[in-house]
Amino acid sequence: MSDTVLRIDKLTLDLPSGADRAHAVHDLSFTLARGEVLCVVGESGSGKSMTASALMGLLPGAVKIGGGRAIFGGRDVLALPEAERRALRGAKIGMIFQEPMTALNPLMRIGDQISEVFEAHGLLTPAERRARALALIEEVGLPDPEKIIRAYPFQLSGGQRQRAMIAMALALEPEILIADEPTTALDVTTQAQILDLIAEIRQRHGMAVMFITHDFGVVAEIADRVIVMRHGEMVETGPASEVLAAPQHDYTRRLLDAIPSNAVPRPERVTAAPALEIRNLRKTYRTGGGWGRAAREVRAIDDVSLTIARGEVLGLVGESGSGKSTLGRAVVRLVDPDGGQILVGGDDMAALDADALRRARRRVQMVFQDPYASLNPRARILRSISEGPVAQGVPKRDAEARARELLEVVGLGADAADRYPHEFSGGQRQRIGIARALAMDPDLIIADEAVSALDVSIQAQVLDLLRDLRARLGLSLLFITHDLRVAAQLCDRIAVMQKGRLVEIGPVDEVFLHPRDPYTRSLLDAVPGASWADGGSPARAEAI
Amino acid sequence: MSDFWSRFSRNRGAILGLVLLAAVIIVALVAPLLFPKGPWQMVQRPFLTPFATEGLPLGTDTLGRDVAAGLAYGARVSLLVGLVSTLVALAIGVPLGAVAGYYGGWVDEAAMRFTEFFQTIPNFALAIVLVAILEPTLTSITLAIAIVSWPPVARLVRAEVLSLSKREFVDAAQLAGLSNRRILLGQILPNAMSPIIVMASLMVATAILLESSLAFLGLGDPNIMSWGYMIGAARTVIRSAWWLSFFPGLAIVITVLALNLIGEGLNDAMNPHLNRKGRA
């Protein structure tokens, strides 16, 4: 291509000795053309972010450039002295990060942070900087620029912060925009808006965009070309449409297969007795207040009623702040509800005193989101799993035998029992978490974002396990997630929450194909790559 | 464990500290064998300079006592006071901090206000008052040092417990129906051990300094030879007989330095993620 802006030539990044492999990136070559969106896709540890860091000169100290060149504007960026590289950063290559809260200085007003970009490069007068900052804020679609320019990062929402980051990256009209997982921390509806914004800016400025992501849905939405990386090597590259439709490499195919599709399976209609019945549950958080000022009230759970039948999987879907996690935690009384009933096997969990609660807790168990924080790092797996049953009065030997059995059930092998959590990967830890929940022989398991922290291929394995356990053990499951595609894979019914209220609940196919609530519809529309995943129309899903 | 040791031994200062401390401990242990007559016995005429007389390598003091014997017996007192007072301080601070951090609410308020009450009074002044009120015996000195040094322990443990109890594995333990006591003792405190151990090693050093300072002011146990007492007794003749304050001072410096080096080594070895970042 004639208008190539960046050419990477056999880039190799060395990891320090003692790491699990020799190179973070090995022999990577690609080009980036003007006005093109190149998606670099891979699972965690594939070296995709390292490549971006190398271009920006932001590599961690232990990682060294082992070879290769990155030609930009006729010069090798990797060989530039620090001063020249600094001039390049921001001016010619802009970057946006995953977590907009930590990427912005919390003590600086948005307008000052944008102006600082000009200041750092010694451009414009203060008055002009302010004018440009205002124009940029308007360009990235932030409401009320005059107000935003004086706002601090904490006063903005996640999506607004990411827009502010993009405004900073655009300030000097760079030729290349590097976006490192810019939408991963955002809700789906916000993600869709940010993706639109990036596409629009690319068009208007003719910028080249290098977009790093782990999500093939995002790729389908935005990419012109794709690079698939694994273990620091490029396994496949090509136009997005070709890679998505006809992947050449095994690994790409496996990644694509692992993505929960939008095809909705016909749910089993379950009509058995309820495992859980929630009636008019309420929880309000109050912050601040006192001395005559009104307290800020957040209704985390606002009069929610629902039931889960025995053997049923209910998906609880919502964006961050919708109250879905609070609901899950209220059911097990990790959060005390303000009012309402939580009936499990005839007992009202909300009304139990501390002692009765301790005994009743066996009935509802939880699988947590963070596989690294949910296991005691100083306890062997055996103890983590058997401790609960022992506390409930099961003889120690029986509990331990059962723990080993359960480790087999979740596909880890009984010898895992004698090891410590740090010896396991994220997916394996999540299996241990499931075994721990099963050990209590519960009526209901609550999975709170249980697969959200995992790579897609691992996510698919854990979902398979849950599906398999459900078939074998007749589990009832409350599956809390922000990811509609995941919910569609596993659940019989879907409940959608927004701002503490239950806006819609129904069988999965009805909710997905004929959503009644406008909010549900907007959620479904915002899923990245929706049209690609279900073949452009809901008809295919109906056919299944 | 072997992993811990390999990280610890990578720090040369820590190894040096360990060697120095081992030397001090050995001297303390074998003191009765080396100096069977004890530290109070007059063995020669006063003010003998060091390295001048056979059998008296560090000379004699104002009353003709052997300085080397005083140092060896003083090591026992310093180490004993340092260790015991730290243990007592931990015994007060750890439970108080753990309970405050875990239960929160008014328990936390009460415990922290109580802690602050001790923190508002300067350590050393409080120690002097305590020793002056209770007669200066080894027990009362140890107790006084413990009483002035537990507040930071309580604060540290509270902070650790606060952050650990927000982890999901604590939620999981609660769901398993474990009692609060078992969650605190079995799940949370073992994970808070590293910073406590590091702090304890540094507290031993501080306690030794405190004890020496008290003895220097004449508030030591009159029946026990300690480094601080030796320096205190020699301060009037510091111009004419420098060795009388120099050698006990050196002993204090070496012991405290050794403990600080060990503490830093422990810190690096136990919190590898915190400390190796900047150095990689």
# chains A, B, ... in the order shown; residues from 1 in each chain; ligands from 1

$ residues_around --residues "segment 151-154 of chain B" --least-positions-apart "3" --cutoff "7 Å" --atoms "only C-alpha atoms" --output "number ranges by chain"
B: 90, 93-94, 96-97, 115, 118-119, 157-158

$ write_last_selection --atoms "C-alpha atoms" --output "short mmCIF file (atom, residue, chain, number, x, y, z; two decimals), in the first residue's frame"
data_model
loop_
_atom_site.label_atom_id
_atom_site.label_comp_id
_atom_site.auth_asym_id
_atom_site.auth_seq_id
_atom_site.Cartn_x
_atom_site.Cartn_y
_atom_site.Cartn_z
CA LEU B 90 2.16 -7.81 69.79
CA GLY B 93 -1.74 -4.72 69.51
CA VAL B 94 -2.64 -7.67 67.27
CA LEU B 96 -7.01 -5.09 69.44
CA GLY B 97 -6.26 -4.11 65.85
CA THR B 115 -5.01 3.70 70.76
CA PHE B 118 -1.49 6.36 73.89
CA GLN B 119 -0.20 7.84 70.66
CA VAL B 157 -3.15 -4.88 61.96
CA ARG B 158 -6.39 -2.93 61.74
#

$ interface_residues --of "chain B" --to "chain A" --cutoff "10 Å" --atoms "only C-alpha atoms" --output "PyMOL selection string"
chain B and resi 164+166-179+182+186-188+190-191+277-280

$ write_last_selection --atoms "N, CA and C atoms" --output "PDB file, in the first residue's frame"
ATOM      1  N   LEU B 164      -8.132  -6.892  54.017  1.00  0.00           N
ATOM      2  CA  LEU B 164      -8.304  -8.325  53.739  1.00  0.00           C
ATOM      3  C   LEU B 164      -9.763  -8.758  53.857  1.00  0.00           C
ATOM      4  N   LYS B 166     -12.298  -7.387  52.941  1.00  0.00           N
ATOM      5  CA  LYS B 166     -13.112  -7.065  51.772  1.00  0.00           C
ATOM      6  C   LYS B 166     -12.871  -8.068  50.650  1.00  0.00           C
ATOM      7  N   ARG B 167     -11.895  -8.972  50.826  1.00  0.00           N
ATOM      8  CA  ARG B 167     -11.609  -9.946  49.768  1.00  0.00           C
ATOM      9  C   ARG B 167     -12.720 -10.979  49.676  1.00  0.00           C
ATOM     10  N   GLU B 168     -12.844 -11.531  48.486  1.00  0.00           N
ATOM     11  CA  GLU B 168     -13.942 -12.464  48.264  1.00  0.00           C
ATOM     12  C   GLU B 168     -13.787 -13.763  49.041  1.00  0.00           C
ATOM     13  N   PHE B 169     -12.546 -14.147  49.373  1.00  0.00           N
ATOM     14  CA  PHE B 169     -12.434 -15.416  50.093  1.00  0.00           C
ATOM     15  C   PHE B 169     -13.009 -15.308  51.509  1.00  0.00           C
ATOM     16  N   VAL B 170     -13.065 -14.070  52.015  1.00  0.00           N
ATOM     17  CA  VAL B 170     -13.697 -13.892  53.316  1.00  0.00           C
ATOM     18  C   VAL B 170     -15.222 -13.995  53.184  1.00  0.00           C
ATOM     19  N   ASP B 171     -15.758 -13.426  52.082  1.00  0.00           N
ATOM     20  CA  ASP B 171     -17.182 -13.624  51.797  1.00  0.00           C
ATOM     21  C   ASP B 171     -17.485 -15.113  51.711  1.00  0.00           C
ATOM     22  N   ALA B 172     -16.623 -15.835  50.999  1.00  0.00           N
ATOM     23  CA  ALA B 172     -16.845 -17.268  50.805  1.00  0.00           C
ATOM     24  C   ALA B 172     -16.855 -17.993  52.150  1.00  0.00           C
ATOM     25  N   ALA B 173     -15.938 -17.605  53.041  1.00  0.00           N
ATOM     26  CA  ALA B 173     -15.887 -18.241  54.361  1.00  0.00           C
ATOM     27  C   ALA B 173     -17.153 -17.945  55.150  1.00  0.00           C
ATOM     28  N   GLN B 174     -17.675 -16.726  54.980  1.00  0.00           N
ATOM     29  CA  GLN B 174     -18.918 -16.378  55.654  1.00  0.00           C
ATOM     30  C   GLN B 174     -20.072 -17.223  55.135  1.00  0.00           C
ATOM     31  N   LEU B 175     -20.096 -17.393  53.805  1.00  0.00           N
ATOM     32  CA  LEU B 175     -21.152 -18.204  53.201  1.00  0.00           C
ATOM     33  C   LEU B 175     -21.051 -19.645  53.657  1.00  0.00           C
ATOM     34  N   ALA B 176     -19.831 -20.090  53.975  1.00  0.00           N
ATOM     35  CA  ALA B 176     -19.647 -21.468  54.422  1.00  0.00           C
ATOM     36  C   ALA B 176     -20.136 -21.622  55.857  1.00  0.00           C
ATOM     37  N   GLY B 177     -20.545 -20.531  56.463  1.00  0.00           N
ATOM     38  CA  GLY B 177     -21.083 -20.619  57.820  1.00  0.00           C
ATOM     39  C   GLY B 177     -20.006 -20.664  58.890  1.00  0.00           C
ATOM     40  N   LEU B 178     -18.793 -20.222  58.570  1.00  0.00           N
ATOM     41  CA  LEU B 178     -17.752 -20.185  59.604  1.00  0.00           C
ATOM     42  C   LEU B 178     -18.074 -19.076  60.603  1.00  0.00           C
ATOM     43  N   SER B 179     -17.677 -19.292  61.857  1.00  0.00           N
ATOM     44  CA  SER B 179     -17.915 -18.264  62.856  1.00  0.00           C
ATOM     45  C   SER B 179     -16.936 -17.118  62.642  1.00  0.00           C
ATOM     46  N   ARG B 182     -13.434 -17.857  63.740  1.00  0.00           N
ATOM     47  CA  ARG B 182     -12.647 -18.715  62.855  1.00  0.00           C
ATOM     48  C   ARG B 182     -12.246 -17.997  61.580  1.00  0.00           C
ATOM     49  N   GLY B 186      -8.477 -17.914  61.229  1.00  0.00           N
ATOM     50  CA  GLY B 186      -8.054 -18.895  60.235  1.00  0.00           C
ATOM     51  C   GLY B 186      -7.876 -18.327  58.843  1.00  0.00           C
ATOM     52  N   GLN B 187      -8.640 -17.280  58.513  1.00  0.00           N
ATOM     53  CA  GLN B 187      -8.593 -16.786  57.138  1.00  0.00           C
ATOM     54  C   GLN B 187      -7.837 -15.474  57.025  1.00  0.00           C
ATOM     55  N   ILE B 188      -8.120 -14.550  57.934  1.00  0.00           N
ATOM     56  CA  ILE B 188      -7.590 -13.199  57.753  1.00  0.00           C
ATOM     57  C   ILE B 188      -6.197 -13.029  58.347  1.00  0.00           C
ATOM     58  N   PRO B 190      -3.678 -15.067  59.182  1.00  0.00           N
ATOM     59  CA  PRO B 190      -2.516 -15.661  58.517  1.00  0.00           C
ATOM     60  C   PRO B 190      -2.058 -14.855  57.315  1.00  0.00           C
ATOM     61  N   ASN B 191      -2.988 -14.179  56.636  1.00  0.00           N
ATOM     62  CA  ASN B 191      -2.617 -13.376  55.485  1.00  0.00           C
ATOM     63  C   ASN B 191      -2.023 -12.030  55.877  1.00  0.00           C
ATOM     64  N   LYS B 277       9.533  -4.106  42.092  1.00  0.00           N
ATOM     65  CA  LYS B 277       9.114  -3.368  40.907  1.00  0.00           C
ATOM     66  C   LYS B 277      10.180  -2.392  40.439  1.00  0.00           C
ATOM     67  N   GLY B 278      10.548  -1.490  41.348  1.00  0.00           N
ATOM     68  CA  GLY B 278      11.456  -0.433  40.956  1.00  0.00           C
ATOM     69  C   GLY B 278      12.843  -0.907  40.576  1.00  0.00           C
ATOM     70  N   ARG B 279      13.177  -2.112  40.960  1.00  0.00           N
ATOM     71  CA  ARG B 279      14.566  -2.544  40.779  1.00  0.00           C
ATOM     72  C   ARG B 279      14.785  -3.404  39.549  1.00  0.00           C
ATOM     73  N   ALA B 280      13.706  -3.937  39.016  1.00  0.00           N
ATOM     74  CA  ALA B 280      13.854  -4.926  37.945  1.00  0.00           C
ATOM     75  C   ALA B 280      14.630  -4.356  36.767  1.00  0.00           C
TER      76      ALA B 280
END

$ select_by_dssp --residues "segment 28-212 of chain A" --states "strand (DSSP E)" --output "count of residues only"
36

$ closest_residue --among "A:Pro182, A:Pro143, A:Gly411, A:Gly345" --to "Gln430 of chain A" --atoms "only C-alpha atoms"
A:Gly411

$ atom_distance --atom1 "atom CA of His121 of chain A" --atom2 "atom CA of Ile166 of chain A"
17.7 Å
